[in-house]
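The next block holds one structure in the form of structure tokens; read it before the comments.
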Amino acid sequence: MSDRLHLLVYTFDSVSRADAARSALEALDRRLGGARGHVAVVQKRPDGSVILREPRDLREELSSLAAQVAGGITWFVYTFVGLMGPPPAVLAEQLADNAVHQLVRDSGFPDAALHEIGAELSAGSAAVVALLPEAERAAALAELEQLGGRLWEHELPPAVQEGLRALDGPGA
């Protein structure tokens, strides 16, 4: 068995198909070896903004939660005292999101790279970005082929692979 890793970027015309592909890849990863790969969804909204979703990236999960809590509390407090809640709530969400991004290390794909992928997408489309062991490549492609879309694949250089393994910690 080879330790080589493959970076797959699979683009879709809709977010729902990208989410289905992410779910299929995560299920395949669990069946074949248990969370050895990493998957993210990059979405380009109709307004052109790029949204990242990485289930295994602690920074993204914490920033989303902190933003929701800060915004909700701010909205409640401002509304309770009779002032307009939404503008201060949006500011509180942004401040909480920025604070978490500065304090917590990115444990997933580099956000800048995911944003570059998102910039190349058409408005309203999405991409699944997956880093998988070579042993899972054929099965992953078979699963994704059923969902449609366009595949871009690249085998990572050995130095990059070692760096990614080091991020996963000992025994990865």
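Here's how to read the names in the structure tokens: chain A, B, ... by the order shown, residue numbers from 1 in each chain, ligand numbers from 1 in the order shown.
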For Ala24 (chain A), find every residue with an atom within 9 Å (counting only C-alpha atoms), except residues of its own chain fewer than 3 positions away, and show them as a list in words. Asp19, Ala20, Ala21, Ala27, Leu28, Asp29, Ala140, Glu143 and Leu144 of chain A
Can you write just those residues out, N, CA and C atoms, as a CSV table (one decimal), in the first residue's frame?
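Result file is out23.csv:
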```csv
chain,number,residue,atom,x,y,z
A,19,ASP,N,-22.5,19.1,-1.3
A,19,ASP,CA,-22.7,18.5,0.0
A,19,ASP,C,-22.9,17.0,0.0
A,20,ALA,N,-23.6,16.5,-1.1
A,20,ALA,CA,-23.8,15.1,-1.2
A,20,ALA,C,-22.5,14.4,-1.5
A,21,ALA,N,-21.6,15.0,-2.3
A,21,ALA,CA,-20.3,14.5,-2.6
A,21,ALA,C,-19.4,14.5,-1.3
A,27,ALA,N,-18.2,9.2,4.2
A,27,ALA,CA,-18.6,7.8,4.4
A,27,ALA,C,-17.6,6.8,3.9
A,28,LEU,N,-17.1,7.0,2.7
A,28,LEU,CA,-16.1,6.2,2.1
A,28,LEU,C,-14.9,6.1,2.9
A,29,ASP,N,-14.4,7.2,3.4
A,29,ASP,CA,-13.2,7.3,4.3
A,29,ASP,C,-13.4,6.5,5.5
A,140,ALA,N,-13.2,6.6,-4.4
A,140,ALA,CA,-13.7,8.0,-4.3
A,140,ALA,C,-14.2,8.5,-5.6
A,143,GLU,N,-17.5,6.9,-6.6
A,143,GLU,CA,-18.6,7.5,-5.8
A,143,GLU,C,-18.9,8.9,-6.4
A,144,LEU,N,-17.9,9.7,-6.7
A,144,LEU,CA,-18.2,11.0,-7.2
A,144,LEU,C,-18.7,11.1,-8.6
```
Which polymer residues have any atom within 10 Å of an atom of Ala130 (chain A), counting only C-alpha atoms, with same-chain residues fewer than 6 positions away left out, as a ChimeraX atom specification? /A:5-10,22,25-26,37-41,109,140,153
Take the residues from that selection and put them in a file with N, CA, C and O atoms, as an mmCIF file, in the first residue's frame.
```cif
data_model
loop_
_atom_site.group_PDB
_atom_site.id
_atom_site.type_symbol
_atom_site.label_atom_id
_atom_site.label_comp_id
_atom_site.auth_asym_id
_atom_site.auth_seq_id
_atom_site.Cartn_x
_atom_site.Cartn_y
_atom_site.Cartn_z
ATOM 1 N N LEU A 5 -0.561 10.781 -1.257
ATOM 2 C CA LEU A 5 -1.832 11.466 -1.081
ATOM 3 C C LEU A 5 -2.244 12.136 -2.384
ATOM 4 O O LEU A 5 -1.403 12.594 -3.147
ATOM 5 N N HIS A 6 -3.529 12.203 -2.604
ATOM 6 C CA HIS A 6 -4.071 12.874 -3.789
ATOM 7 C C HIS A 6 -4.987 13.995 -3.345
ATOM 8 O O HIS A 6 -5.818 13.814 -2.453
ATOM 9 N N LEU A 7 -4.822 15.132 -3.994
ATOM 10 C CA LEU A 7 -5.701 16.261 -3.768
ATOM 11 C C LEU A 7 -6.710 16.275 -4.902
ATOM 12 O O LEU A 7 -6.348 16.384 -6.074
ATOM 13 N N LEU A 8 -7.988 16.124 -4.555
ATOM 14 C CA LEU A 8 -9.062 16.131 -5.533
ATOM 15 C C LEU A 8 -9.880 17.398 -5.347
ATOM 16 O O LEU A 8 -10.237 17.750 -4.228
ATOM 17 N N VAL A 9 -10.180 18.065 -6.437
ATOM 18 C CA VAL A 9 -11.106 19.190 -6.414
ATOM 19 C C VAL A 9 -12.189 18.838 -7.419
ATOM 20 O O VAL A 9 -11.921 18.679 -8.611
ATOM 21 N N TYR A 10 -13.390 18.689 -6.935
ATOM 22 C CA TYR A 10 -14.516 18.258 -7.753
ATOM 23 C C TYR A 10 -15.549 19.379 -7.729
ATOM 24 O O TYR A 10 -16.093 19.702 -6.686
ATOM 25 N N ARG A 22 -19.488 15.519 -0.500
ATOM 26 C CA ARG A 22 -18.733 15.548 0.757
ATOM 27 C C ARG A 22 -19.172 14.408 1.663
ATOM 28 O O ARG A 22 -18.354 13.685 2.224
ATOM 29 N N LEU A 25 -17.817 11.104 0.336
ATOM 30 C CA LEU A 25 -16.386 10.936 0.590
ATOM 31 C C LEU A 25 -16.114 10.628 2.058
ATOM 32 O O LEU A 25 -15.264 9.791 2.372
ATOM 33 N N GLU A 26 -16.799 11.290 2.959
ATOM 34 C CA GLU A 26 -16.588 11.025 4.388
ATOM 35 C C GLU A 26 -17.037 9.610 4.758
ATOM 36 O O GLU A 26 -16.378 8.935 5.543
ATOM 37 N N GLY A 37 -8.630 10.863 5.523
ATOM 38 C CA GLY A 37 -8.652 11.961 4.568
ATOM 39 C C GLY A 37 -9.201 13.225 5.199
ATOM 40 O O GLY A 37 -9.550 13.269 6.370
ATOM 41 N N HIS A 38 -9.249 14.285 4.405
ATOM 42 C CA HIS A 38 -9.780 15.561 4.858
ATOM 43 C C HIS A 38 -10.609 16.138 3.722
ATOM 44 O O HIS A 38 -10.186 16.118 2.571
ATOM 45 N N VAL A 39 -11.795 16.652 4.043
ATOM 46 C CA VAL A 39 -12.722 17.133 3.020
ATOM 47 C C VAL A 39 -13.233 18.515 3.408
ATOM 48 O O VAL A 39 -13.521 18.766 4.582
ATOM 49 N N ALA A 40 -13.355 19.404 2.413
ATOM 50 C CA ALA A 40 -13.928 20.731 2.611
ATOM 51 C C ALA A 40 -14.872 21.039 1.455
ATOM 52 O O ALA A 40 -14.719 20.486 0.365
ATOM 53 N N VAL A 41 -15.833 21.913 1.707
ATOM 54 C CA VAL A 41 -16.717 22.397 0.653
ATOM 55 C C VAL A 41 -16.487 23.895 0.513
ATOM 56 O O VAL A 41 -16.480 24.626 1.510
ATOM 57 N N PHE A 109 -7.430 22.743 5.474
ATOM 58 C CA PHE A 109 -6.758 23.271 4.304
ATOM 59 C C PHE A 109 -6.471 24.755 4.538
ATOM 60 O O PHE A 109 -7.244 25.429 5.229
ATOM 61 N N ALA A 140 -13.176 6.636 -4.380
ATOM 62 C CA ALA A 140 -13.714 7.999 -4.276
ATOM 63 C C ALA A 140 -14.178 8.493 -5.639
ATOM 64 O O ALA A 140 -15.264 9.075 -5.770
ATOM 65 N N GLU A 153 -7.525 16.854 -10.384
ATOM 66 C CA GLU A 153 -6.770 16.031 -9.438
ATOM 67 C C GLU A 153 -5.289 16.319 -9.574
ATOM 68 O O GLU A 153 -4.797 16.596 -10.664
#
```
Within 12 Å of Ser125 (chain A) using only C-alpha atoms, minus same-chain residues under 3 positions, as JSON, numbers by chain: {"A": [10, 11, 12, 13, 14, 15, 16, 17, 18, 19, 41, 42, 43, 44, 45, 46, 47, 48, 49, 50, 51, 117, 118, 119, 120, 121, 122, 128, 149, 150]}
Do a neighbour search on Ala96 (chain A) at 7 Å with only C-alpha atoms, toss out local chain neighbours closer than 6 positions, and write the hits as a ChimeraX atom specification. /A:63,66-67,70
Identify all residues of region 7-55 of chain A in strand (DSSP E) (DSSP on the backbone) and supply them as an MDAnalysis selection string. chainID A and resid 7:12 38:44 50:53
